[in-house]
>>> print(open('protein-v9.txt').read())   # compact mmCIF, C-alpha atoms
# COMPACT_ATOMS: atom_id res chain seq x y z
CA MET A 182 26.90 3.00 61.59
CA LEU A 183 29.60 5.56 61.03
CA GLY A 184 28.99 9.04 62.32
CA PRO A 185 30.01 11.70 64.84
CA LEU A 186 28.51 9.65 67.72
CA GLY A 187 29.76 6.29 66.47
CA ASP A 188 31.21 5.35 69.88
CA ILE A 189 28.16 6.36 71.93
CA VAL A 190 25.57 3.95 73.40
CA VAL A 191 22.05 5.25 74.05
CA LEU A 192 19.62 3.40 76.31
CA ASP A 193 16.17 4.49 75.14
CA LEU A 194 13.49 3.96 77.80
CA SER A 195 11.11 6.42 76.15
CA ARG A 196 7.93 5.86 74.19
CA ALA A 197 5.41 7.68 71.99
CA LEU A 198 7.19 10.50 70.12
CA ALA A 199 9.28 13.12 71.96
CA GLY A 200 11.78 10.74 73.57
CA PRO A 201 11.94 8.30 70.66
CA HIS A 202 12.55 11.22 68.28
CA ALA A 203 15.47 12.42 70.40
CA ALA A 204 16.96 8.92 70.51
CA GLN A 205 16.41 8.52 66.76
CA MET A 206 18.34 11.73 66.12
CA LEU A 207 21.25 10.37 68.17
CA GLY A 208 21.01 7.15 66.16
CA ASP A 209 21.15 9.18 62.95
CA LEU A 210 24.47 10.53 64.21
CA GLY A 211 25.82 7.01 64.55
CA ALA A 212 25.05 6.09 68.16
CA ARG A 213 24.00 2.55 69.06
CA VAL A 214 20.44 2.98 70.35
CA ILE A 215 18.94 0.18 72.44
CA LYS A 216 15.18 0.66 72.74
CA VAL A 217 13.64 -0.91 75.83
CA GLU A 218 9.97 -1.89 75.42
CA HIS A 219 7.47 -3.66 77.61
CA PRO A 220 6.92 -7.26 76.45
CA ASP A 221 3.14 -6.69 76.33
CA GLY A 222 2.69 -4.54 73.24
CA GLY A 223 5.84 -2.44 73.46
CA ASP A 224 5.88 1.28 72.74
CA GLU A 225 2.26 2.45 72.63
CA SER A 226 2.87 4.12 69.28
CA ARG A 227 3.00 0.60 67.79
CA GLY A 228 -0.77 0.73 68.13
CA TRP A 229 -1.28 4.23 66.76
CA GLY A 230 -2.92 4.45 63.37
CA PRO A 231 -4.20 4.36 60.74
CA PRO A 232 -2.40 3.77 58.56
CA PHE A 233 -1.21 0.28 59.43
CA VAL A 234 0.78 -1.79 56.95
CA GLY A 235 2.19 -5.28 56.56
CA PRO A 236 0.70 -8.68 55.71
CA ASP A 237 -1.38 -8.67 58.89
CA GLY A 238 -2.08 -4.92 58.87
CA ASP A 239 -0.48 -4.53 62.31
CA ILE A 240 2.61 -2.37 61.69
CA SER A 241 2.07 1.28 62.57
CA THR A 242 3.56 3.85 60.21
CA TYR A 243 3.56 6.20 63.22
CA PHE A 244 6.04 3.93 65.00
CA LEU A 245 8.15 3.70 61.85
CA ALA A 246 8.54 7.49 61.87
CA ALA A 247 10.42 7.69 65.18
CA ASN A 248 12.44 4.51 65.61
CA ARG A 249 14.91 3.99 62.78
CA ASN A 250 18.49 3.03 63.66
CA LYS A 251 17.50 1.27 66.90
CA GLN A 252 17.59 -2.20 68.42
CA SER A 253 14.57 -3.40 70.38
CA ILE A 254 14.63 -5.50 73.53
CA ALA A 255 11.54 -6.52 75.53
CA VAL A 256 11.96 -5.88 79.26
CA ASP A 257 9.51 -5.64 82.16
CA LEU A 258 10.95 -2.78 84.21
CA LYS A 259 8.92 -3.86 87.25
CA SER A 260 10.41 -7.36 87.44
CA ALA A 261 13.58 -8.22 89.30
CA GLU A 262 15.11 -9.68 86.13
CA GLY A 263 14.20 -6.57 84.18
CA LYS A 264 15.71 -4.25 86.77
CA GLU A 265 18.92 -6.27 86.82
CA LEU A 266 19.21 -6.11 83.03
CA ILE A 267 18.63 -2.35 83.03
CA GLU A 268 21.34 -1.91 85.66
CA ARG A 269 23.77 -3.83 83.46
CA LEU A 270 22.83 -1.74 80.43
CA VAL A 271 23.14 1.53 82.36
CA ARG A 272 26.70 0.62 83.30
CA GLN A 273 27.57 0.19 79.61
CA SER A 274 25.68 3.19 78.24
CA ASP A 275 26.62 6.81 77.65
CA VAL A 276 23.11 8.26 77.46
CA LEU A 277 19.74 7.31 78.94
CA VAL A 278 16.58 8.80 77.41
CA GLU A 279 13.27 8.77 79.32
CA ASN A 280 9.95 10.58 79.12
CA PHE A 281 8.04 9.09 82.01
CA ARG A 282 5.84 11.27 84.17
CA THR A 283 7.76 12.94 86.99
CA GLY A 284 8.61 10.43 89.71
CA VAL A 285 7.89 7.24 87.75
CA LEU A 286 11.56 6.37 87.15
CA ASP A 287 12.30 6.98 90.84
CA ARG A 288 9.54 4.55 91.85
CA LEU A 289 11.01 1.94 89.51
CA GLY A 290 14.27 2.22 91.47
CA PHE A 291 16.19 4.30 88.94
CA SER A 292 16.44 7.76 90.43
CA VAL A 293 19.09 10.07 89.01
CA GLU A 294 21.20 9.37 92.10
CA ARG A 295 20.98 5.62 91.53
CA LEU A 296 21.74 5.96 87.82
CA HIS A 297 24.88 7.96 88.58
CA GLU A 298 25.90 5.46 91.24
CA LEU A 299 25.78 2.80 88.54
CA ASN A 300 27.52 5.01 85.96
CA PRO A 301 28.89 8.44 86.93
CA ARG A 302 29.52 9.24 83.25
CA LEU A 303 25.89 8.72 82.22
CA VAL A 304 24.07 11.60 80.53
CA VAL A 305 20.36 11.44 81.34
CA LEU A 306 17.82 13.10 79.06
CA SER A 307 14.46 13.59 80.78
CA ILE A 308 11.50 14.92 78.79
CA THR A 309 8.24 15.77 80.55
CA GLY A 310 4.99 17.46 79.60
CA PHE A 311 5.27 20.66 81.65
CA GLY A 312 8.65 20.44 83.38
CA HIS A 313 10.00 18.29 86.20
CA ASP A 314 9.19 20.85 88.92
CA GLY A 315 7.10 23.97 89.47
CA PRO A 316 3.44 24.17 90.53
CA GLU A 317 2.28 22.02 87.59
CA GLY A 318 5.38 19.94 87.03
CA GLY A 319 3.64 16.61 87.48
CA ARG A 320 0.95 17.17 84.85
CA PRO A 321 0.71 14.62 82.06
CA GLY A 322 1.08 16.18 78.65
CA TYR A 323 0.56 15.30 75.03
CA ASP A 324 1.40 17.35 71.99
CA GLN A 325 -1.88 19.15 71.34
CA ILE A 326 -2.32 19.98 75.02
CA ALA A 327 1.12 21.60 75.02
CA GLN A 328 0.39 23.48 71.79
CA GLY A 329 -2.61 25.04 73.51
CA GLU A 330 -1.03 25.67 76.90
CA GLY A 331 2.15 27.02 75.31
CA GLY A 332 0.30 29.59 73.20
CA LEU A 333 1.06 28.15 69.78
CA MET A 334 -2.57 27.50 68.93
CA SER A 335 -3.37 31.15 69.64
CA LEU A 336 -0.92 32.08 66.86
CA THR A 337 -2.22 29.52 64.37
CA GLY A 338 -5.38 29.59 62.29
CA PRO A 339 -7.41 32.04 60.21
CA SER A 340 -8.14 34.42 63.08
CA ALA A 341 -7.87 34.93 66.81
CA ASP A 342 -11.35 33.43 67.19
CA GLU A 343 -10.36 30.13 65.56
CA PRO A 344 -7.20 28.69 67.16
CA TYR A 345 -5.78 25.73 65.25
CA ARG A 346 -3.30 23.04 66.19
CA VAL A 347 -0.24 22.84 63.97
CA GLY A 348 -0.68 19.86 61.64
CA ALA A 349 2.53 18.14 62.74
CA SER A 350 3.23 17.11 66.36
CA VAL A 351 5.62 20.01 66.81
CA ALA A 352 5.70 19.99 70.62
CA ASP A 353 6.90 16.38 70.65
CA LEU A 354 9.29 16.84 67.75
CA LEU A 355 10.79 20.07 69.05
CA ALA A 356 11.22 18.59 72.51
CA GLY A 357 13.06 15.69 70.90
CA ILE A 358 15.27 18.04 68.89
CA HIS A 359 16.08 20.19 71.94
CA GLY A 360 16.74 17.04 73.95
CA ALA A 361 19.22 15.67 71.41
CA TYR A 362 20.89 19.09 71.26
CA GLY A 363 21.22 19.09 75.04
CA VAL A 364 22.66 15.58 75.04
CA ALA A 365 25.30 16.58 72.50
CA GLY A 366 26.32 19.48 74.77
CA ALA A 367 26.45 17.26 77.85
CA LEU A 368 28.58 14.67 76.06
CA TYR A 369 31.02 17.41 75.03
CA GLU A 370 31.16 18.69 78.62
CA ARG A 371 31.81 15.15 79.86
CA GLU A 372 35.05 15.11 77.90
CA ARG A 373 36.31 17.83 80.28
CA THR A 374 34.70 16.78 83.54
CA GLY A 375 34.51 13.01 83.23
CA ARG A 376 30.97 13.09 84.61
CA GLY A 377 27.54 12.99 83.08
CA ARG A 378 24.64 15.24 83.96
CA VAL A 379 20.88 15.45 83.63
CA VAL A 380 19.42 17.31 80.64
CA ARG A 381 15.79 18.32 81.05
CA THR A 382 13.27 19.69 78.62
CA SER A 383 9.51 19.53 78.19
CA LEU A 384 6.74 19.93 75.65
CA LEU A 385 5.91 23.28 77.24
CA ALA A 386 9.53 24.41 76.99
CA ALA A 387 9.71 23.28 73.37
CA ILE A 388 6.68 25.37 72.38
CA THR A 389 7.68 28.41 74.42
CA GLY A 390 11.21 28.12 73.04
CA VAL A 391 10.04 28.81 69.49
CA HIS A 392 7.90 31.87 70.19
CA SER A 393 10.80 34.01 68.94
CA TYR A 394 9.53 37.40 67.73
CA HIS A 395 6.01 36.54 68.89
CA GLY A 396 7.40 36.29 72.41
CA THR A 397 9.24 39.59 72.33
CA ALA A 398 6.17 41.27 70.85
CA TRP A 399 4.68 40.71 74.31
CA THR A 400 7.67 40.71 76.67
CA VAL A 401 9.19 43.86 75.17
CA GLY A 402 6.45 45.41 73.04
CA GLY A 403 3.49 44.74 75.31
CA LYS A 404 1.43 43.40 72.40
CA VAL A 405 -0.33 40.02 72.51
CA PRO A 406 0.12 38.43 69.07
CA ALA A 407 -2.80 36.66 67.46
CA ALA A 408 -3.36 34.31 64.56
CA SER A 409 -3.02 35.96 61.16
CA GLY A 410 -3.90 33.11 58.85
CA ASN A 411 -1.48 32.52 56.01
CA HIS A 412 0.16 35.93 56.28
CA HIS A 413 3.21 36.89 58.32
CA ALA A 414 2.66 38.63 61.64
CA SER A 415 5.21 41.38 60.92
CA ILE A 416 6.19 41.42 57.23
CA THR A 417 3.99 42.42 54.27
CA PRO A 418 3.63 41.04 51.65
CA TYR A 419 4.60 37.64 53.00
CA GLY A 420 2.05 34.88 52.68
CA ALA A 421 -0.26 32.85 50.45
CA PHE A 422 -2.05 34.47 47.50
CA ARG A 423 -4.66 33.27 45.01
CA CYS A 424 -3.82 33.21 41.33
CA ALA A 425 -5.78 31.93 38.31
CA ASP A 426 -5.58 28.21 39.17
CA GLY A 427 -4.84 28.02 42.87
CA MET A 428 -2.50 29.45 45.47
CA LEU A 429 1.17 30.33 45.63
CA GLN A 430 3.31 31.89 48.31
CA ILE A 431 5.31 35.09 48.01
CA ALA A 432 7.77 36.39 50.61
CA ALA A 433 8.99 39.94 50.06
CA ALA A 434 11.09 40.34 53.19
CA ASN A 435 12.85 43.57 52.21
CA GLU A 436 12.17 46.71 50.19
CA GLY A 437 14.10 45.51 47.15
CA GLN A 438 12.02 42.36 46.92
CA TRP A 439 8.82 44.34 47.40
CA ARG A 440 9.67 46.67 44.53
CA LYS A 441 10.25 43.67 42.27
CA VAL A 442 6.88 42.19 43.23
CA ALA A 443 5.16 45.53 42.66
CA ALA A 444 6.76 45.90 39.23
CA LEU A 445 5.62 42.42 38.16
CA LEU A 446 2.06 43.04 39.35
CA GLY A 447 1.71 46.62 38.12
CA ILE A 448 1.44 48.18 41.57
CA ASP A 449 3.06 51.53 42.41
CA PRO A 450 5.44 50.72 45.31
CA ALA A 451 5.92 54.39 46.21
CA GLN A 452 2.28 55.20 47.01
CA ALA A 453 1.86 56.23 50.62
CA ARG A 454 -0.08 53.19 51.80
CA TYR A 455 2.54 50.77 50.44
CA ALA A 456 5.75 52.79 50.78
CA THR A 457 7.20 51.02 53.84
CA ASN A 458 6.65 47.69 55.56
CA ARG A 459 4.80 49.47 58.37
CA ASP A 460 2.49 51.13 55.82
CA ARG A 461 1.91 47.88 53.98
CA PHE A 462 1.13 46.03 57.20
CA GLU A 463 -1.46 48.66 58.18
CA HIS A 464 -3.08 48.32 54.74
CA ARG A 465 -2.50 44.58 54.32
CA ASP A 466 -6.06 43.68 53.33
CA GLU A 467 -5.99 46.28 50.56
CA LEU A 468 -2.58 45.12 49.37
CA VAL A 469 -3.63 41.45 49.30
CA ALA A 470 -6.69 42.40 47.25
CA ASP A 471 -4.58 44.42 44.79
CA MET A 472 -2.05 41.62 44.44
CA GLU A 473 -4.65 38.88 43.95
CA LYS A 474 -6.44 40.98 41.31
CA ALA A 475 -3.21 41.08 39.30
CA LEU A 476 -2.29 37.45 40.05
CA SER A 477 -5.67 36.23 38.79
CA ALA A 478 -4.61 37.02 35.21
CA HIS A 479 -2.27 34.02 35.00
CA PRO A 480 -1.83 30.50 36.45
CA ARG A 481 0.55 29.59 39.25
CA ALA A 482 3.30 28.25 36.98
CA HIS A 483 3.49 31.57 35.13
CA TRP A 484 3.93 33.59 38.30
CA LEU A 485 6.41 31.18 39.88
CA ALA A 486 8.57 31.47 36.77
CA GLU A 487 8.30 35.27 36.75
CA LEU A 488 9.03 35.61 40.46
CA GLY A 489 11.92 33.19 40.22
CA GLU A 490 13.43 35.14 37.35
CA ALA A 491 13.12 38.33 39.40
CA GLY A 492 14.82 36.71 42.40
CA VAL A 493 11.78 36.94 44.69
CA PRO A 494 11.29 34.04 47.13
CA ALA A 495 8.10 32.24 46.08
CA GLY A 496 6.77 28.72 46.05
CA ALA A 497 3.96 26.28 45.64
CA ILE A 498 2.01 24.64 48.47
CA ARG A 499 2.76 20.95 48.03
CA SER A 500 0.97 17.90 49.34
CA LEU A 501 3.21 15.29 51.00
CA ASP A 502 3.15 12.98 48.00
CA GLU A 503 4.46 15.88 45.92
CA VAL A 504 7.16 16.62 48.50
CA TYR A 505 8.49 13.07 48.58
CA THR A 506 8.52 12.68 44.80
CA TRP A 507 10.16 16.10 44.26
CA ASP A 508 13.66 15.81 42.86
CA GLN A 509 14.93 18.51 45.23
CA THR A 510 13.75 16.62 48.31
CA ARG A 511 15.37 13.42 47.13
CA SER A 512 18.62 15.20 46.20
CA GLN A 513 19.02 16.35 49.81
CA GLY A 514 18.98 12.87 51.32
CA LEU A 515 15.64 13.50 52.98
CA LEU A 516 14.50 9.96 52.29
CA VAL A 517 16.41 6.85 53.33
CA GLU A 518 15.95 3.30 52.12
CA VAL A 519 15.96 0.55 54.75
CA GLU A 520 15.31 -3.19 54.88
CA HIS A 521 12.46 -3.98 57.23
CA PRO A 522 12.20 -7.57 58.54
CA VAL A 523 8.53 -7.81 57.51
CA LEU A 524 7.89 -5.04 55.00
CA GLY A 525 11.06 -5.53 52.97
CA THR A 526 12.60 -2.48 51.29
CA ILE A 527 10.86 0.70 52.40
CA GLU A 528 11.59 4.41 52.29
CA LEU A 529 11.45 6.57 55.42
CA PRO A 530 11.74 10.32 55.94
CA GLY A 531 15.42 10.77 56.59
CA PRO A 532 17.58 12.88 58.92
CA PRO A 533 17.68 16.63 58.24
CA LEU A 534 21.45 16.87 58.79
CA ARG A 535 24.21 16.15 56.30
CA PHE A 536 27.89 15.93 57.24
CA ASP A 537 30.47 16.83 54.64
CA GLY A 538 32.61 13.83 53.75
CA LEU A 539 30.43 11.32 55.63
CA THR A 540 29.26 8.89 52.98
CA GLY A 541 28.00 5.33 52.91
CA VAL A 542 25.96 5.56 56.10
CA GLU A 543 23.50 2.66 56.24
CA HIS A 544 20.34 3.30 58.18
CA THR A 545 18.42 0.45 59.76
CA ALA A 546 14.67 -0.06 59.83
CA PRO A 547 12.58 0.48 62.96
CA PRO A 548 12.65 -2.88 64.77
CA MET A 549 9.92 -5.35 65.51
CA LEU A 550 9.17 -5.70 69.22
CA GLY A 551 12.05 -7.49 70.97
CA GLN A 552 13.73 -8.56 67.75
CA ASP A 553 17.25 -7.75 68.99
CA GLY A 554 17.11 -9.32 72.44
CA ASP A 555 19.72 -12.01 71.73
CA ALA A 556 22.01 -9.62 69.85
CA VAL A 557 21.92 -7.02 72.62
CA LEU A 558 22.60 -9.62 75.31
CA ALA A 559 25.57 -10.95 73.34
CA TRP A 560 26.90 -7.41 72.89
CA LEU A 561 26.38 -6.69 76.60
CA GLU A 562 28.23 -9.80 77.70
CA GLU A 563 31.09 -8.91 75.39
CA ARG A 564 31.26 -5.39 76.84
CA GLU A 565 31.26 -6.73 80.40
CA ARG A 566 34.17 -9.08 79.82
>>> encode(input="protein-v9.txt", output="structure tokens")
Amino acid sequence: MLGPLGDIVVLDLSRALAGPHAAQMLGDLGARVIKVEHPDGGDESRGWGPPFVGPDGDISTYFLAANRNKQSIAVDLKSAEGKELIERLVRQSDVLVENFRTGVLDRLGFSVERLHELNPRLVVLSITGFGHDGPEGGRPGYDQIAQGEGGLMSLTGPSADEPYRVGASVADLLAGIHGAYGVAGALYERERTGRGRVVRTSLLAAITGVHSYHGTAWTVGGKVPAASGNHHASITPYGAFRCADGMLQIAAANEGQWRKVAALLGIDPAQARYATNRDRFEHRDELVADMEKALSAHPRAHWLAELGEAGVPAGAIRSLDEVYTWDQTRSQGLLVEVEHPVLGTIELPGPPLRFDGLTGVEHTAPPMLGQDGDAVLAWLEERER
């Protein structure tokens, strides 16, 4: 592949979602990503479903989501032969990605010190559940556990009494994104220092790192935020509203936009209870009721057209099939077509970044277990000569 990281080699020892997502992002940027999997079943996400696809119904769509643009080799990290092969690959790699529990890689004989003995220029990305140190650093962690422990579930749902998990695995995905971001910084630093370093993040850090204004509401304002359903915690009106045939979303983030919404719906924007954002927030239930009474006169399409004409941010609430068949989604390169060795031509959710002037990038399908063993060994021998 062409791309900003076209000369970078990533050794991906991770599994499940956070680490594989980070490595996939680096692959999207052009890096060669060599995914190391155990010969007995490989990455556990190969068994996560439904849905499963393929002639034998044994290919996990979950695995397909996090492993494009990679080569797969089957290696037993506990065997002498496996350890020797990993040492050879470490010497030829720029980045190593792992998300083992704290201490596991050390027990396998690949402590950070040993990795940097083998390759002083190696950047190591380590993703854990709750951090590599601290009083609970060794805890195992999965996405929903981190969403709860990191406070995100307390901000999500219809009310404070009904905490919900976010529908996507955001702790894993955000940890992967932060990890790839950290790797990019470490690779840039290496150009100056000639040495690699360890980049650490965790599912807990990923969730805490996106608290944003919810976090400062507590750290600075002394207020503990709580779930507010489909309405914004600070801005009103900003949320989901019922109209004649369903729901639409309206986001009036400033006074000008609010006045446009009020004019369309026949509401006096200057009345005391709605005059400022603070007033509207204090009377949000009344405002939502007034807005939905007016919105009930027409279907969603009518209001989306009217709001669009007025320049007010508004939108539908789409199901995923609608998202992926939407012309706007497809125009942004958010789907990629790849040739899978078993499934043939398939479409995958694509990378969220686009680089001006970078055209003709060919993505590769997530690999079958161990399918690239011979190719990787041939490449490795060539590199070692």
>>> atom_distance(input="protein-v9.txt", atom1="atom CA of A:Gly322", atom2="atom CA of A:Asp224")
16.7 Å
>>> closest_residue(input="protein-v9.txt", among="A:Val276, A:Leu468, A:Arg461, A:Ser335", to="A:Val380", atoms="only C-alpha atoms")
A:Val276
>>> axis_aligned_box(input="protein-v9.txt", around="stretch 513-524 of chain A", padding_each_side="8 Å", output="JSON")
{"center_x": 13.5, "center_y": 4.3, "center_z": 54.2, "size_x": 27.1, "size_y": 40.2, "size_z": 24.7}
>>> closest_atom_pairs(input="protein-v9.txt", of="stretch 207-230 of chain A", to="stretch 199-203 of chain A", cutoff="10 Å", atoms="all atoms listed in the file", output="Markdown table")
| residue | atom | partner | partner_atom | distance |
| --- | --- | --- | --- | --- |
| A:Leu207 | CA | A:Ala203 | CA | 6.5 |
| A:Gly208 | CA | A:Ala203 | CA | 8.7 |
| A:Asp209 | CA | A:Ala203 | CA | 9.9 |
| A:Lys216 | CA | A:Pro201 | CA | 8.6 |
| A:Asp224 | CA | A:Pro201 | CA | 9.5 |
>>> closest_residue(input="protein-v9.txt", among="A:Gly390, A:Pro418, A:Gly187, A:Gly223", to="A:Gly331", atoms="only C-alpha atoms")
A:Gly390
>>> residues_around(input="protein-v9.txt", residues="stretch 359-364 of chain A", least_positions_apart="3", cutoff="7 Å", atoms="all atoms listed in the file", output="PyMOL selection string")
chain A and resi 203+206-207+304+306+355-356+367-368+380+382
>>> write_last_selection(input="protein-v9.txt", atoms="C-alpha atoms", output="CSV table (one decimal), in the frame of the given file")
chain,number,residue,atom,x,y,z
A,203,ALA,CA,15.5,12.4,70.4
A,206,MET,CA,18.3,11.7,66.1
A,207,LEU,CA,21.2,10.4,68.2
A,304,VAL,CA,24.1,11.6,80.5
A,306,LEU,CA,17.8,13.1,79.1
A,355,LEU,CA,10.8,20.1,69.0
A,356,ALA,CA,11.2,18.6,72.5
A,367,ALA,CA,26.4,17.3,77.8
A,368,LEU,CA,28.6,14.7,76.1
A,380,VAL,CA,19.4,17.3,80.6
A,382,THR,CA,13.3,19.7,78.6
>>> residues_around(input="protein-v9.txt", residues="A:Asp257", least_positions_apart="3", cutoff="10 Å", atoms="only C-alpha atoms", output="list in words")
Val217, Glu218, His219, Pro220, Asp221, Gly223, Ser260, Ala261, Glu262, Gly263, Lys264, Leu266 and Ile267 of chain A
>>> closest_residue(input="protein-v9.txt", among="A:Ala408, A:Ala341, A:Leu277, A:Ile498", to="A:Leu296", atoms="all atoms listed in the file")
A:Leu277
>>> closest_residue(input="protein-v9.txt", among="A:Pro494, A:Gly447, A:Gly402, A:Pro236", to="A:Asp471", atoms="only C-alpha atoms")
A:Gly447
>>> residues_around(input="protein-v9.txt", residues="A:Leu286", least_positions_apart="4", cutoff="12 Å", atoms="only C-alpha atoms", output="number ranges by chain")
A: 194-195, 258-259, 264, 267, 277-282, 290-296, 305, 307-309
>>> write_last_selection(input="protein-v9.txt", atoms="C-alpha atoms", output="PDB file, in the frame of the given file")
ATOM      1  CA  LEU A 194      13.490   3.960  77.800  1.00  0.00           C
ATOM      2  CA  SER A 195      11.110   6.420  76.150  1.00  0.00           C
ATOM      3  CA  LEU A 258      10.950  -2.780  84.210  1.00  0.00           C
ATOM      4  CA  LYS A 259       8.920  -3.860  87.250  1.00  0.00           C
ATOM      5  CA  LYS A 264      15.710  -4.250  86.770  1.00  0.00           C
ATOM      6  CA  ILE A 267      18.630  -2.350  83.030  1.00  0.00           C
ATOM      7  CA  LEU A 277      19.740   7.310  78.940  1.00  0.00           C
ATOM      8  CA  VAL A 278      16.580   8.800  77.410  1.00  0.00           C
ATOM      9  CA  GLU A 279      13.270   8.770  79.320  1.00  0.00           C
ATOM     10  CA  ASN A 280       9.950  10.580  79.120  1.00  0.00           C
ATOM     11  CA  PHE A 281       8.040   9.090  82.010  1.00  0.00           C
ATOM     12  CA  ARG A 282       5.840  11.270  84.170  1.00  0.00           C
ATOM     13  CA  GLY A 290      14.270   2.220  91.470  1.00  0.00           C
ATOM     14  CA  PHE A 291      16.190   4.300  88.940  1.00  0.00           C
ATOM     15  CA  SER A 292      16.440   7.760  90.430  1.00  0.00           C
ATOM     16  CA  VAL A 293      19.090  10.070  89.010  1.00  0.00           C
ATOM     17  CA  GLU A 294      21.200   9.370  92.100  1.00  0.00           C
ATOM     18  CA  ARG A 295      20.980   5.620  91.530  1.00  0.00           C
ATOM     19  CA  LEU A 296      21.740   5.960  87.820  1.00  0.00           C
ATOM     20  CA  VAL A 305      20.360  11.440  81.340  1.00  0.00           C
ATOM     21  CA  SER A 307      14.460  13.590  80.780  1.00  0.00           C
ATOM     22  CA  ILE A 308      11.500  14.920  78.790  1.00  0.00           C
ATOM     23  CA  THR A 309       8.240  15.770  80.550  1.00  0.00           C
TER      24      THR A 309
END
>>> closest_residue(input="protein-v9.txt", among="A:Gly310, A:Gly318, A:Gly531, A:Gly420", to="A:Asp466", atoms="only C-alpha atoms")
A:Gly420
>>> residues_around(input="protein-v9.txt", residues="A:Gly230", least_positions_apart="3", cutoff="9 Å", atoms="only C-alpha atoms", output="ChimeraX atom specification")
/A:226-227,233,240-243
>>> build_atoms(input="protein-v9.txt", residues="stretch 547-560 of chain A", atoms="N, CA and C atoms", output="mmCIF file, in the frame of the given file")
data_model
loop_
_atom_site.group_PDB
_atom_site.id
_atom_site.type_symbol
_atom_site.label_atom_id
_atom_site.label_comp_id
_atom_site.auth_asym_id
_atom_site.auth_seq_id
_atom_site.Cartn_x
_atom_site.Cartn_y
_atom_site.Cartn_z
ATOM 1 N N PRO A 547 13.149 0.604 61.622
ATOM 2 C CA PRO A 547 12.580 0.480 62.960
ATOM 3 C C PRO A 547 12.318 -1.002 63.276
ATOM 4 N N PRO A 548 12.686 -1.435 64.473
ATOM 5 C CA PRO A 548 12.650 -2.880 64.770
ATOM 6 C C PRO A 548 11.264 -3.383 65.138
ATOM 7 N N MET A 549 11.074 -4.673 64.946
ATOM 8 C CA MET A 549 9.920 -5.350 65.510
ATOM 9 C C MET A 549 10.146 -5.495 67.017
ATOM 10 N N LEU A 550 9.074 -5.647 67.773
ATOM 11 C CA LEU A 550 9.170 -5.700 69.220
ATOM 12 C C LEU A 550 10.082 -6.850 69.670
ATOM 13 N N GLY A 551 11.155 -6.496 70.393
ATOM 14 C CA GLY A 551 12.050 -7.490 70.970
ATOM 15 C C GLY A 551 12.932 -8.230 69.996
ATOM 16 N N GLN A 552 13.014 -7.775 68.757
ATOM 17 C CA GLN A 552 13.730 -8.560 67.750
ATOM 18 C C GLN A 552 15.234 -8.676 68.020
ATOM 19 N N ASP A 553 15.793 -7.776 68.808
ATOM 20 C CA ASP A 553 17.250 -7.750 68.990
ATOM 21 C C ASP A 553 17.671 -8.223 70.378
ATOM 22 N N GLY A 554 16.782 -8.894 71.087
ATOM 23 C CA GLY A 554 17.110 -9.320 72.440
ATOM 24 C C GLY A 554 18.389 -10.130 72.522
ATOM 25 N N ASP A 555 18.528 -11.155 71.693
ATOM 26 C CA ASP A 555 19.720 -12.010 71.730
ATOM 27 C C ASP A 555 20.967 -11.227 71.339
ATOM 28 N N ALA A 556 20.853 -10.386 70.315
ATOM 29 C CA ALA A 556 22.010 -9.620 69.850
ATOM 30 C C ALA A 556 22.480 -8.633 70.913
ATOM 31 N N VAL A 557 21.546 -7.979 71.580
ATOM 32 C CA VAL A 557 21.920 -7.020 72.620
ATOM 33 C C VAL A 557 22.559 -7.731 73.805
ATOM 34 N N LEU A 558 22.012 -8.871 74.195
ATOM 35 C CA LEU A 558 22.600 -9.620 75.310
ATOM 36 C C LEU A 558 24.012 -10.087 74.974
ATOM 37 N N ALA A 559 24.225 -10.532 73.749
ATOM 38 C CA ALA A 559 25.570 -10.950 73.340
ATOM 39 C C ALA A 559 26.524 -9.772 73.364
ATOM 40 N N TRP A 560 26.074 -8.628 72.867
ATOM 41 C CA TRP A 560 26.900 -7.410 72.890
ATOM 42 C C TRP A 560 27.220 -7.015 74.326
#
